[in-house]
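Asker: Quick one, model-v7.tsv (TSV, C-alpha atoms):
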chain	number	residue	atom	x	y	z
A	1	MET	CA	-4.94	26.72	-17.99
A	2	THR	CA	-1.39	25.73	-17.01
A	3	HIS	CA	-1.59	22.56	-14.95
A	4	ILE	CA	1.50	21.24	-13.18
A	5	ALA	CA	2.37	17.83	-11.75
A	6	ILE	CA	4.63	17.95	-8.68
A	7	TYR	CA	6.87	14.94	-8.02
A	8	ALA	CA	6.73	13.98	-4.33
A	9	GLU	CA	10.02	12.10	-3.99
A	10	ASP	CA	10.79	14.40	-1.04
A	11	HIS	CA	7.41	15.16	0.48
A	12	LYS	CA	8.85	17.67	2.98
A	13	LEU	CA	9.83	20.02	0.15
A	14	VAL	CA	6.45	19.56	-1.52
A	15	SER	CA	4.62	20.18	1.77
A	16	LYS	CA	6.49	23.46	2.29
A	17	LEU	CA	5.65	24.62	-1.23
A	18	ILE	CA	1.95	23.80	-0.74
A	19	ASP	CA	1.88	25.40	2.72
A	20	ASP	CA	3.37	28.61	1.29
A	21	LEU	CA	0.72	28.65	-1.45
A	22	ARG	CA	-2.13	28.13	0.99
A	23	LYS	CA	-0.89	30.99	3.18
A	24	GLY	CA	-0.71	33.37	0.23
A	25	ARG	CA	3.07	33.64	0.21
A	26	LYS	CA	4.94	34.36	-2.98
A	27	VAL	CA	6.30	31.13	-4.47
A	28	GLN	CA	8.71	31.21	-7.39
A	29	GLY	CA	7.01	29.88	-10.49
A	30	PHE	CA	3.53	30.17	-8.93
A	31	GLU	CA	3.25	33.95	-8.68
A	32	GLU	CA	-0.04	33.99	-10.59
A	33	LEU	CA	-1.67	31.88	-7.85
A	34	GLN	CA	-0.78	34.24	-5.00
A	35	HIS	CA	-3.93	35.39	-3.16
A	36	LYS	CA	-6.10	33.27	-5.45
A	37	LYS	CA	-8.84	31.01	-4.04
A	38	GLY	CA	-7.38	27.52	-3.72
A	39	TYR	CA	-8.47	24.27	-2.09
A	40	GLU	CA	-6.78	20.98	-1.28
A	41	HIS	CA	-7.99	17.50	-2.17
A	42	SER	CA	-6.03	15.09	0.03
A	43	GLU	CA	-6.38	12.14	2.36
A	44	ALA	CA	-5.70	14.46	5.32
A	45	VAL	CA	-8.57	16.77	4.33
A	46	LEU	CA	-10.84	13.78	3.79
A	47	GLN	CA	-9.98	12.37	7.23
A	48	ASN	CA	-11.08	15.66	8.82
A	49	PHE	CA	-14.50	15.31	7.18
A	50	ILE	CA	-14.69	11.69	8.38
A	51	LYS	CA	-13.93	12.79	11.97
A	52	GLU	CA	-16.74	15.36	11.73
A	53	ASP	CA	-19.01	12.63	10.42
A	54	GLN	CA	-18.14	10.47	13.46
A	55	LYS	CA	-18.92	13.32	15.87
A	56	HIS	CA	-22.18	14.53	14.35
A	57	GLY	CA	-23.48	11.52	12.44
A	58	ASN	CA	-23.55	13.22	9.07
A	59	SER	CA	-21.21	14.91	6.62
A	60	ILE	CA	-21.62	17.88	4.35
A	61	LEU	CA	-19.90	15.79	1.64
A	62	VAL	CA	-22.84	13.35	1.46
A	63	LYS	CA	-25.68	15.35	3.03
A	64	ASP	CA	-28.24	14.01	0.52
A	65	GLU	CA	-27.36	10.38	1.25
A	66	ASN	CA	-28.90	8.19	3.93
A	67	ARG	CA	-25.64	6.67	5.13
A	68	SER	CA	-22.47	7.71	6.89
A	69	LEU	CA	-19.44	8.92	4.95
A	70	ARG	CA	-17.44	6.16	6.66
A	71	THR	CA	-19.46	3.48	4.83
A	72	PHE	CA	-18.45	4.74	1.39
A	73	SER	CA	-15.64	3.11	-0.56
A	74	SER	CA	-12.29	4.92	-0.98
A	75	GLY	CA	-13.24	5.93	-4.52
A	76	GLU	CA	-16.68	7.20	-3.46
A	77	LYS	CA	-15.21	9.27	-0.60
A	78	ARG	CA	-12.66	10.94	-2.86
A	79	LYS	CA	-15.28	11.62	-5.52
A	80	ALA	CA	-17.57	13.22	-2.90
A	81	LEU	CA	-14.73	15.46	-1.70
A	82	LEU	CA	-13.91	16.47	-5.28
A	83	GLU	CA	-17.52	17.42	-6.08
A	84	TYR	CA	-17.75	19.41	-2.84
A	85	LEU	CA	-14.60	21.38	-3.72
A	86	LEU	CA	-15.74	21.97	-7.31
A	87	LYS	CA	-18.92	23.63	-6.02
A	88	LYS	CA	-16.70	26.17	-4.24
A	89	GLU	CA	-15.45	27.32	-7.67
A	90	PRO	CA	-11.71	27.18	-6.94
A	91	GLU	CA	-9.19	29.21	-8.90
A	92	TYR	CA	-6.67	26.46	-8.25
A	93	LEU	CA	-6.96	22.96	-6.79
A	94	ILE	CA	-4.20	20.96	-5.09
A	95	LEU	CA	-4.61	17.24	-5.75
A	96	ASP	CA	-2.38	15.38	-3.29
A	97	ASP	CA	-1.72	11.87	-4.64
A	98	PRO	CA	-5.43	11.49	-5.50
A	99	PHE	CA	-5.20	7.96	-6.94
A	100	ASP	CA	-3.26	6.23	-4.17
A	101	CYS	CA	-5.04	3.02	-3.03
A	102	LEU	CA	-7.77	3.36	-5.69
A	103	ASP	CA	-8.58	0.52	-8.07
A	104	MET	CA	-8.11	1.01	-11.81
A	105	GLN	CA	-11.78	1.74	-12.59
A	106	SER	CA	-11.98	4.37	-9.83
A	107	VAL	CA	-8.80	5.99	-11.18
A	108	ALA	CA	-10.24	6.05	-14.71
A	109	ASN	CA	-13.49	7.65	-13.47
A	110	PHE	CA	-11.57	10.24	-11.43
A	111	LYS	CA	-9.33	11.17	-14.36
A	112	SER	CA	-12.35	11.50	-16.65
A	113	ARG	CA	-14.09	13.87	-14.24
A	114	LEU	CA	-10.99	16.05	-13.87
A	115	ALA	CA	-10.64	16.20	-17.65
A	116	GLU	CA	-14.18	17.59	-17.83
A	117	VAL	CA	-13.31	20.56	-15.60
A	118	LYS	CA	-9.69	21.17	-16.65
A	119	GLU	CA	-10.53	24.51	-18.32
A	120	ASN	CA	-12.11	25.95	-15.18
A	121	PHE	CA	-9.09	26.32	-12.87
A	122	THR	CA	-5.42	25.44	-12.41
A	123	MET	CA	-4.57	21.99	-11.07
A	124	LEU	CA	-1.46	21.16	-9.08
A	125	GLN	CA	-1.21	17.38	-8.91
A	126	ILE	CA	1.18	15.90	-6.36
A	127	PHE	CA	2.18	12.44	-7.56
A	128	ARG	CA	4.57	9.57	-6.85
A	129	ARG	CA	3.90	7.29	-9.84
A	130	GLU	CA	4.36	8.54	-13.41
A	131	ASP	CA	1.33	6.50	-14.55
A	132	ASP	CA	-0.81	8.65	-12.26
A	133	ILE	CA	0.02	11.96	-14.00
A	134	LEU	CA	-3.15	13.37	-15.50
A	135	PRO	CA	-2.97	13.01	-19.30
A	136	PHE	CA	-3.62	16.71	-19.93
A	137	ILE	CA	-0.70	17.83	-17.72
A	138	GLY	CA	2.47	18.50	-19.71
A	139	LYS	CA	4.74	20.08	-17.07
A	140	VAL	CA	6.40	18.39	-14.08
A	141	LEU	CA	8.01	20.16	-11.14
A	142	SER	CA	10.68	18.24	-9.20
A	143	PHE	CA	13.48	19.06	-6.79
A	144	ASP	CA	17.20	18.43	-7.16
A	145	SER	CA	19.51	17.19	-4.37
A	146	SER	CA	19.97	20.73	-3.04
A	147	GLY	CA	16.21	21.30	-2.78
A	148	LYS	CA	16.00	23.63	-5.79
A	149	SER	CA	12.85	23.24	-7.87
A	150	MET	CA	13.03	22.42	-11.58
A	151	LEU	CA	10.19	22.62	-14.11
A	152	LYS	CA	10.45	20.23	-17.07
A	153	ASP	CA	8.31	18.87	-19.88
A	154	LYS	CA	6.71	15.61	-18.77
A	155	ALA	CA	8.55	13.62	-21.45
A	156	ASP	CA	11.93	14.94	-20.30
A	157	PHE	CA	11.13	14.22	-16.66
A	158	ILE	CA	10.16	10.61	-17.38
A	159	LYS	CA	13.23	10.03	-19.56
A	160	ASN	CA	15.63	11.41	-16.95
A	161	LYS	CA	14.00	9.67	-13.98
A	162	LYS	CA	14.86	6.12	-15.01
A	163	GLY	CA	17.29	4.68	-12.49
A	164	ILE	CA	19.36	1.50	-12.28
A	165	LEU	CA	18.38	-0.89	-9.50
A	166	SER	CA	21.17	-2.01	-7.22
A	167	GLU	CA	21.66	-5.76	-7.07
A	168	ILE	CA	20.31	-7.56	-4.02
A	169	LYS	CA	22.59	-10.18	-2.51
A	170	ALA	CA	21.42	-13.70	-1.78
A	171	ILE	CA	18.93	-13.75	1.08
A	172	PRO	CA	20.12	-15.36	4.35
A	173	PRO	CA	19.12	-18.98	5.08
A	174	ALA	CA	16.34	-19.95	7.46
A	175	SER	CA	17.18	-19.99	11.17
A	176	LYS	CA	15.01	-23.07	11.66
A	177	ILE	CA	13.03	-25.52	9.59
A	178	PHE	CA	9.25	-25.60	9.91
A	179	GLU	CA	8.31	-29.24	10.30
A	180	ASN	CA	5.25	-31.08	9.00
A	181	VAL	CA	4.26	-28.31	6.59
A	182	PRO	CA	1.89	-29.80	3.99
A	183	GLU	CA	2.08	-29.12	0.26
A	184	SER	CA	-1.26	-27.27	0.42
A	185	LEU	CA	-0.95	-24.18	2.63
A	186	ILE	CA	-4.34	-22.55	2.01
A	187	LYS	CA	-7.38	-24.18	0.47
A	188	MET	CA	-10.80	-22.60	0.06
A	189	ASN	CA	-13.67	-24.66	-1.32
A	190	LYS	CA	-16.71	-22.68	-2.49
A	191	VAL	CA	-16.44	-20.16	0.36
A	192	ASN	CA	-19.27	-17.63	0.70
A	193	VAL	CA	-19.15	-14.58	2.98
A	194	SER	CA	-21.81	-11.96	3.70
A	195	TYR	CA	-21.99	-8.99	6.08
A	196	GLU	CA	-25.44	-7.92	7.26
A	197	GLU	CA	-27.00	-9.81	4.35
A	198	ARG	CA	-24.70	-8.05	1.86
A	199	PRO	CA	-22.77	-10.70	-0.11
A	200	ILE	CA	-19.00	-10.13	-0.21
A	201	LEU	CA	-17.52	-13.39	-1.54
A	202	SER	CA	-19.28	-15.94	-3.73
A	203	ASN	CA	-18.10	-19.54	-4.18
A	204	ILE	CA	-14.40	-18.73	-3.73
A	205	SER	CA	-12.24	-21.76	-4.51
A	206	TRP	CA	-8.51	-21.06	-4.24
A	207	GLU	CA	-5.53	-23.20	-3.29
A	208	ILE	CA	-2.02	-21.94	-2.52
A	209	LYS	CA	0.81	-24.47	-2.43
A	210	ARG	CA	4.33	-24.34	-1.05
A	211	GLY	CA	6.66	-22.00	-2.90
A	212	GLU	CA	3.99	-20.44	-5.13
A	213	PHE	CA	3.99	-16.68	-5.80
A	214	TRP	CA	0.48	-15.26	-6.08
A	215	LYS	CA	-0.80	-11.75	-6.69
A	216	LEU	CA	-4.27	-11.05	-5.23
A	217	THR	CA	-6.11	-8.30	-7.10
A	218	GLY	CA	-9.57	-6.78	-7.34
A	219	PRO	CA	-11.25	-3.38	-7.08
A	220	ASN	CA	-11.82	-1.59	-3.78
A	221	GLY	CA	-14.48	-3.40	-1.76
A	222	SER	CA	-14.14	-6.68	-3.69
A	223	GLY	CA	-13.16	-8.72	-0.60
A	224	LYS	CA	-9.33	-8.77	-0.60
A	225	THR	CA	-9.18	-7.63	3.03
A	226	THR	CA	-11.86	-10.13	3.99
A	227	ILE	CA	-9.80	-13.03	2.59
A	228	LEU	CA	-6.64	-11.84	4.37
A	229	SER	CA	-8.46	-11.49	7.69
A	230	MET	CA	-9.87	-15.01	7.34
A	231	VAL	CA	-6.37	-16.42	6.79
A	232	TYR	CA	-4.23	-14.27	9.07
A	233	GLY	CA	-6.66	-12.71	11.52
A	234	ASP	CA	-9.48	-13.87	13.73
A	235	ASN	CA	-12.35	-13.10	11.36
A	236	PRO	CA	-15.35	-15.13	12.61
A	237	LYS	CA	-16.43	-15.56	8.99
A	238	ALA	CA	-13.54	-18.05	8.62
A	239	TYR	CA	-15.30	-20.54	10.89
A	240	GLY	CA	-17.97	-22.83	9.53
A	241	VAL	CA	-16.79	-22.55	5.91
A	242	ASP	CA	-14.60	-24.94	3.92
A	243	LEU	CA	-11.28	-23.22	4.66
A	244	PHE	CA	-8.10	-25.22	5.37
A	245	LEU	CA	-4.88	-23.62	6.67
A	246	PHE	CA	-1.71	-25.72	6.67
A	247	GLY	CA	-3.71	-28.91	6.26
A	248	LYS	CA	-6.22	-28.28	9.08
A	249	LYS	CA	-9.72	-26.90	8.83
A	250	LYS	CA	-9.97	-23.42	10.37
A	251	GLY	CA	-11.46	-23.77	13.83
A	252	SER	CA	-10.56	-27.44	14.30
A	253	GLY	CA	-7.95	-26.92	17.02
A	254	GLU	CA	-5.13	-24.57	16.07
A	255	SER	CA	-5.26	-21.13	17.67
A	256	VAL	CA	-4.85	-17.91	15.72
A	257	TRP	CA	-1.35	-17.60	17.23
A	258	ASP	CA	-0.38	-21.12	16.12
A	259	ILE	CA	-1.36	-20.14	12.58
A	260	LYS	CA	0.43	-16.76	12.74
A	261	LYS	CA	3.70	-18.46	13.67
A	262	LYS	CA	3.74	-19.97	10.18
A	263	ILE	CA	2.97	-16.68	8.43
A	264	GLY	CA	5.11	-13.64	7.77
A	265	TYR	CA	2.94	-10.56	7.42
A	266	PHE	CA	3.51	-7.03	6.15
A	267	SER	CA	1.16	-4.06	5.84
A	268	PRO	CA	1.98	-0.32	5.81
A	269	ALA	CA	-0.44	-0.06	8.76
A	270	LEU	CA	1.67	-2.46	10.84
A	271	THR	CA	3.62	0.33	12.54
A	272	GLU	CA	1.10	3.19	12.37
A	273	LEU	CA	0.89	3.41	16.17
A	274	PHE	CA	4.41	2.15	16.83
A	275	ASN	CA	6.33	4.75	18.85
A	276	ARG	CA	9.01	2.73	20.63
A	277	ARG	CA	12.62	3.74	19.99
A	278	ASN	CA	13.67	0.31	18.75
A	279	THR	CA	16.69	0.12	16.49
A	280	VAL	CA	16.60	-1.19	12.94
A	281	GLU	CA	18.38	-4.33	14.17
A	282	ASP	CA	15.72	-4.84	16.88
A	283	MET	CA	12.91	-4.51	14.34
A	284	VAL	CA	14.38	-7.19	12.07
A	285	ILE	CA	14.97	-9.54	15.02
A	286	SER	CA	11.38	-9.06	16.27
A	287	GLY	CA	10.20	-11.20	13.37
A	288	LEU	CA	11.82	-14.21	15.03
A	289	VAL	CA	9.63	-13.81	18.12
A	290	ASP	CA	6.41	-12.76	16.31
A	291	SER	CA	6.23	-9.25	17.75
A	292	VAL	CA	6.32	-5.79	16.20
A	293	GLY	CA	9.39	-4.32	17.84
A	294	LEU	CA	11.65	-6.12	20.30
A	295	TYR	CA	10.70	-6.43	23.99
A	296	GLN	CA	13.51	-8.72	25.13
A	297	LYS	CA	17.29	-8.86	24.90
A	298	PRO	CA	18.37	-10.50	21.61
A	299	THR	CA	20.81	-13.40	21.49
A	300	ASP	CA	24.11	-13.29	19.63
A	301	LYS	CA	22.69	-15.76	17.10
A	302	GLN	CA	19.69	-13.49	16.45
A	303	LYS	CA	21.96	-10.47	16.03
A	304	ALA	CA	24.14	-12.36	13.53
A	305	LEU	CA	21.10	-13.30	11.43
A	306	ALA	CA	19.78	-9.72	11.50
A	307	LYS	CA	23.21	-8.51	10.36
A	308	GLN	CA	23.01	-10.85	7.36
A	309	TRP	CA	19.61	-9.47	6.39
A	310	LEU	CA	20.79	-5.87	6.71
A	311	GLU	CA	23.76	-6.68	4.46
A	312	THR	CA	21.37	-8.20	1.92
A	313	LEU	CA	19.37	-4.95	1.88
A	314	GLY	CA	22.50	-2.79	1.80
A	315	PHE	CA	21.54	-1.37	5.21
A	316	GLN	CA	24.50	-2.65	7.24
A	317	ASP	CA	25.31	0.92	8.34
A	318	LYS	CA	21.76	1.44	9.70
A	319	ALA	CA	21.68	-1.36	12.33
A	320	LYS	CA	21.78	0.99	15.34
A	321	LYS	CA	19.62	3.73	13.83
A	322	ILE	CA	16.13	4.28	15.26
A	323	PHE	CA	13.55	2.53	13.07
A	324	ASN	CA	11.05	5.40	13.18
A	325	ASP	CA	13.69	7.80	11.81
A	326	LEU	CA	13.97	5.88	8.51
A	327	SER	CA	12.34	6.87	5.21
A	328	ASN	CA	9.13	5.12	4.13
A	329	LEU	CA	11.04	2.94	1.66
A	330	GLU	CA	13.64	1.93	4.24
A	331	LYS	CA	10.94	1.10	6.81
A	332	ARG	CA	9.13	-1.13	4.35
A	333	MET	CA	12.24	-3.01	3.31
A	334	ILE	CA	13.08	-3.58	6.99
A	335	LEU	CA	9.52	-4.77	7.73
A	336	ILE	CA	9.64	-7.19	4.79
A	337	ALA	CA	12.95	-8.54	6.15
A	338	ARG	CA	11.27	-8.83	9.57
A	339	ALA	CA	8.40	-10.81	8.05
A	340	MET	CA	10.77	-13.07	6.12
A	341	ILE	CA	13.61	-13.59	8.63
A	342	LYS	CA	12.27	-16.96	9.83
A	343	HIS	CA	11.46	-18.14	6.26
A	344	PRO	CA	7.79	-18.79	7.09
A	345	PRO	CA	5.81	-21.20	4.89
A	346	LEU	CA	3.59	-18.26	3.86
A	347	LEU	CA	4.40	-14.56	3.38
A	348	ILE	CA	1.50	-12.08	3.06
A	349	LEU	CA	2.37	-8.64	1.65
A	350	ASP	CA	-0.59	-6.27	1.83
A	351	GLU	CA	-0.09	-3.25	-0.47
A	352	PRO	CA	3.68	-2.99	0.18
A	353	SER	CA	4.25	-0.28	-2.44
A	354	THR	CA	1.33	2.03	-1.74
A	355	ALA	CA	2.30	5.74	-1.39
A	356	LEU	CA	5.80	5.07	-2.78
A	357	ASP	CA	7.28	6.68	-5.88
A	358	ASP	CA	8.17	4.61	-8.97
A	359	LYS	CA	11.83	4.14	-8.08
A	360	SER	CA	11.03	3.05	-4.51
A	361	ALA	CA	8.26	0.72	-5.68
A	362	LEU	CA	10.71	-0.97	-8.08
A	363	LYS	CA	13.11	-1.57	-5.19
A	364	ILE	CA	10.32	-3.25	-3.23
A	365	THR	CA	9.28	-5.49	-6.14
A	366	ASN	CA	12.94	-6.32	-6.81
A	367	LEU	CA	13.34	-7.50	-3.20
A	368	ILE	CA	10.14	-9.56	-3.34
A	369	ASN	CA	11.15	-11.20	-6.63
A	370	HIS	CA	14.44	-12.23	-5.02
A	371	ILE	CA	12.65	-13.68	-1.98
A	372	ALA	CA	10.34	-15.67	-4.27
A	373	ALA	CA	13.24	-17.01	-6.35
A	374	GLN	CA	15.53	-17.88	-3.42
A	375	SER	CA	13.17	-19.47	-0.89
A	376	ASP	CA	10.44	-22.09	-0.50
A	377	THR	CA	8.09	-19.52	1.01
A	378	ALA	CA	4.75	-19.05	-0.73
A	379	ILE	CA	3.83	-15.39	-1.29
A	380	ILE	CA	0.50	-13.57	-1.49
A	381	TYR	CA	1.08	-10.05	-2.82
A	382	VAL	CA	-2.01	-7.83	-2.53
A	383	SER	CA	-2.25	-4.77	-4.77
A	384	HIS	CA	-4.78	-2.47	-6.39
A	385	ARG	CA	-2.53	-1.62	-9.34
A	386	LYS	CA	-0.30	-3.28	-11.93
A	387	GLU	CA	3.20	-3.27	-10.45
A	388	LYS	CA	6.05	-2.83	-12.90
A	389	GLY	CA	8.68	-5.51	-12.57
A	390	LEU	CA	6.70	-7.83	-10.27
A	391	LYS	CA	6.99	-11.49	-11.36
A	392	PRO	CA	4.26	-13.60	-9.71
A	393	ASP	CA	3.51	-17.13	-10.95
A	394	PHE	CA	-0.25	-16.65	-10.73
A	395	GLU	CA	-2.87	-13.97	-10.18
A	396	TYR	CA	-6.14	-14.46	-8.31
A	397	GLU	CA	-8.56	-11.74	-9.35
A	398	LEU	CA	-11.74	-10.92	-7.41
A	399	ILE	CA	-14.53	-9.79	-9.72
A	400	PRO	CA	-17.54	-8.13	-8.03
A	401	THR	CA	-21.06	-9.33	-8.89
A	402	GLU	CA	-24.49	-8.73	-7.35
A	403	ASN	CA	-24.06	-11.96	-5.39
A	404	GLY	CA	-20.54	-11.14	-4.12
A	405	SER	CA	-17.12	-11.32	-5.72
A	406	VAL	CA	-16.17	-14.39	-7.71
A	407	GLY	CA	-12.58	-15.52	-8.26
A	408	LYS	CA	-10.63	-15.94	-11.47
A	409	ILE	CA	-7.16	-17.51	-11.77
A	410	LYS	CA	-4.66	-16.06	-14.24
A	411	ILE	CA	-1.36	-17.75	-15.01
A	412	GLN	CA	1.31	-15.09	-15.54
Please go through the file and, once you have read it, give me the structure as structure tokens.
Answerer:
Amino acid sequence: MTHIAIYAEDHKLVSKLIDDLRKGRKVQGFEELQHKKGYEHSEAVLQNFIKEDQKHGNSILVKDENRSLRTFSSGEKRKALLEYLLKKEPEYLILDDPFDCLDMQSVANFKSRLAEVKENFTMLQIFRREDDILPFIGKVLSFDSSGKSMLKDKADFIKNKKGILSEIKAIPPASKIFENVPESLIKMNKVNVSYEERPILSNISWEIKRGEFWKLTGPNGSGKTTILSMVYGDNPKAYGVDLFLFGKKKGSGESVWDIKKKIGYFSPALTELFNRRNTVEDMVISGLVDSVGLYQKPTDKQKALAKQWLETLGFQDKAKKIFNDLSNLEKRMILIARAMIKHPPLLILDEPSTALDDKSALKITNLINHIAAQSDTAIIYVSHRKEKGLKPDFEYELIPTENGSVGKIKIQ
């Protein structure tokens, strides 16, 4: 079988190619697949099954199980979709970024299963990271600046894709100084968390001090989100355990909003439902008033600081552009600037490079490394994969056990 990896640097071009294939149109280079039986394995397809599960209380993907599809981990859901599609005996299978947001063990299992069936049908793997390319695929399709498709050997594609990162200027200074910030920002002493008698965290002891750069890792379902919600959110599990935030025990007086004022936060989900026509400048300034998007007229001082940040990012010509019209990479760099504009004592970055290609991910890690080196802000960088170029001081790894995940500190 001839399997092809398709580089999704410009997902619009890839989407058109896949749409043409699905509708049986003739696509140059894929003539042999015209009118063949093909299926798509993607997050969008999976979400449709999840919606059906919500409506009817069961899913054809897990009909022999006694629990809802929604309760399965990301890896289990994608495996269930794959097995369902394999039973349909496809002549070709479109795999749209199948490993995004999966932990390393889930990725290894997925790749192993696909290797078992690679002789049965043609695979078209849409990818953003070169490490994700299935090992048995030797051809890569990409698009040039004019939108023309090019098919290359994988080795040639990887060699020619290496780019030079542009230098990031010094980050702007803080607009104000946070007073009375202790040396210890977060301290957990033997914290245990369970949900419905299912243990999630077991004896977690972790301290983050001013200016430290931490990477938080662990497989899907290991408790990374639980820890973040205990620190940044209003997770009731944070009360009644030995958890100290900025020198005070959680629940001893400070409100969630008092705590959030000292934290810069980024997640790709932050603007999922954001539909206001705020400018790029407005979005950066909104970090000064702890909102997502700006709902008040900015001051001249705020505008001047936002201008400095846009110059640091090389986005000075984008100040008046509409935020929602930016590319994914540009949005994320702006949102990181928004989270950092007030130089908070703590910056939480939750999967900032997910669904980005290698070049874009390197730009994100380059920016974060500069923030770490040029500020006193402590950083927690959450990721499910090894990020090339990232330079944390320490790594806190969550390791699942029968009694909940335990923590292990690694010095980088």
Asker: Determine, counting all atoms listed in the file, which protein, DNA and RNA residues have an atom within 10 Å of an atom of Leu313 in chain A; residues of the same chain fewer than 5 positions away are not included. Present the result as a PDB file with C-alpha atoms, in the frame of the given file.
Answerer:
ATOM      1  CA  SER A 166      21.170  -2.010  -7.220  1.00  0.00           C
ATOM      2  CA  GLU A 167      21.660  -5.760  -7.070  1.00  0.00           C
ATOM      3  CA  ILE A 168      20.310  -7.560  -4.020  1.00  0.00           C
ATOM      4  CA  LYS A 169      22.590 -10.180  -2.510  1.00  0.00           C
ATOM      5  CA  ALA A 170      21.420 -13.700  -1.780  1.00  0.00           C
ATOM      6  CA  ILE A 171      18.930 -13.750   1.080  1.00  0.00           C
ATOM      7  CA  LYS A 307      23.210  -8.510  10.360  1.00  0.00           C
ATOM      8  CA  GLN A 308      23.010 -10.850   7.360  1.00  0.00           C
ATOM      9  CA  GLU A 330      13.640   1.930   4.240  1.00  0.00           C
ATOM     10  CA  MET A 333      12.240  -3.010   3.310  1.00  0.00           C
ATOM     11  CA  ILE A 334      13.080  -3.580   6.990  1.00  0.00           C
ATOM     12  CA  ALA A 337      12.950  -8.540   6.150  1.00  0.00           C
ATOM     13  CA  LEU A 367      13.340  -7.500  -3.200  1.00  0.00           C
TER      14      LEU A 367
END
Asker: Excluding Pro173 in chain A and any residue of its chain fewer than 2 positions from it, enumerate the residues within 9 Å of it, using all atoms listed in the file, and give them as a PyMOL selection string.
Answerer: chain A and resi 170-171+175-176+305+341-343+375
Asker: Could you turn the residues from that selection into a file that holds C-alpha atoms, as a compact mmCIF listing (two decimals), keeping the file's coordinate frame?
Answerer:
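So the final result, stored in part.txt, reads:
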# COMPACT_ATOMS: atom_id res chain seq x y z
CA ALA A 170 21.42 -13.70 -1.78
CA ILE A 171 18.93 -13.75 1.08
CA SER A 175 17.18 -19.99 11.17
CA LYS A 176 15.01 -23.07 11.66
CA LEU A 305 21.10 -13.30 11.43
CA ILE A 341 13.61 -13.59 8.63
CA LYS A 342 12.27 -16.96 9.83
CA HIS A 343 11.46 -18.14 6.26
CA SER A 375 13.17 -19.47 -0.89
Asker: Just want the 12 Å neighbourhood of Ser229 in chain A, counted on only C-alpha atoms, with same-chain residues fewer than 5 positions away dropped. Output as a PyMOL selection string.
Answerer: chain A and resi 223-224+234-239+256+260+265+348+350
Asker: My list of candidates is A:Arg129, A:Lys250, A:Leu141, A:Ala304. Which is closest to Ile186 in chain A when distances are computed with only C-alpha atoms?
Answerer: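 Once distances to Ile186 in chain A are computed over only C-alpha atoms, the minimum belongs to A:Lys250.
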Asker: Quick one: of A:Asn189, A:Ser142, A:Asn58, A:Ser222, who's nearest to His384 in chain A, counting only C-alpha atoms?
Answerer: A:Ser222
Asker: List as a PyMOL selection string the protein and nucleic acid residues near Leu61 in chain A, meaning an atom at most 8 Å away when only C-alpha atoms are counted, but skip any in the same chain fewer than 3 places from it.
Answerer: chain A and resi 49+69+80-81+84
Asker: Starting from 3 Å padding per side, set up an axis-aligned box that covers all listed atoms of range 342-355 of chain A and hand over centre and edge lengths in Å, one decimal, as JSON.
Answerer:
{"center_x": 5.8, "center_y": -7.7, "center_z": 3.7, "size_x": 18.9, "size_y": 32.9, "size_z": 18.3}
Asker: Point out the residue among A:Arg338, A:Arg128, A:Arg210, A:Lys118 with the least atom-to-atom distance to His3 in chain A, counting all atoms listed in the file.
Answerer: A:Lys118
Asker: Considering only C-alpha atoms, return as a PyMOL selection string whatever protein or nucleic-acid residues lie within 10 Å of Ile133 in chain A, sequence-local ones (same chain, fewer than 3 positions apart) excluded.
Answerer: chain A and resi 4-7+97+99+111+125-130+136-140+154
Asker: Go ahead and write the residues just picked, C-alpha atoms, as a PDB file, in the coordinates of the input.
Answerer:
ATOM      1  CA  ILE A   4       1.500  21.240 -13.180  1.00  0.00           C
ATOM      2  CA  ALA A   5       2.370  17.830 -11.750  1.00  0.00           C
ATOM      3  CA  ILE A   6       4.630  17.950  -8.680  1.00  0.00           C
ATOM      4  CA  TYR A   7       6.870  14.940  -8.020  1.00  0.00           C
ATOM      5  CA  ASP A  97      -1.720  11.870  -4.640  1.00  0.00           C
ATOM      6  CA  PHE A  99      -5.200   7.960  -6.940  1.00  0.00           C
ATOM      7  CA  LYS A 111      -9.330  11.170 -14.360  1.00  0.00           C
ATOM      8  CA  GLN A 125      -1.210  17.380  -8.910  1.00  0.00           C
ATOM      9  CA  ILE A 126       1.180  15.900  -6.360  1.00  0.00           C
ATOM     10  CA  PHE A 127       2.180  12.440  -7.560  1.00  0.00           C
ATOM     11  CA  ARG A 128       4.570   9.570  -6.850  1.00  0.00           C
ATOM     12  CA  ARG A 129       3.900   7.290  -9.840  1.00  0.00           C
ATOM     13  CA  GLU A 130       4.360   8.540 -13.410  1.00  0.00           C
ATOM     14  CA  PHE A 136      -3.620  16.710 -19.930  1.00  0.00           C
ATOM     15  CA  ILE A 137      -0.700  17.830 -17.720  1.00  0.00           C
ATOM     16  CA  GLY A 138       2.470  18.500 -19.710  1.00  0.00           C
ATOM     17  CA  LYS A 139       4.740  20.080 -17.070  1.00  0.00           C
ATOM     18  CA  VAL A 140       6.400  18.390 -14.080  1.00  0.00           C
ATOM     19  CA  LYS A 154       6.710  15.610 -18.770  1.00  0.00           C
TER      20      LYS A 154
END
Asker: Measure the distance from CA of Lys321 in chain A to CA of Val284 in chain A in Å and round it to one decimal.
Answerer: 12.2 Å
Asker: Given the choices A:Gln412, A:Thr2, A:Ser286, A:Asn403, which gets closest to Thr122 in chain A if the distance is worked out from only C-alpha atoms?
Answerer: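 For Thr122 in chain A, the nearest of the given residues is A:Thr2.
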Asker: Go through A:Thr279, A:Lys209, A:Val181, A:Lys215 one by one, measure the shortest atom-to-atom distance of each to Asn369 in chain A using all atoms listed in the file, and give the residue with the smallest value.
Answerer: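 Looking only at the distances to Asn369 in chain A, the closest residue turns out to be A:Lys215.
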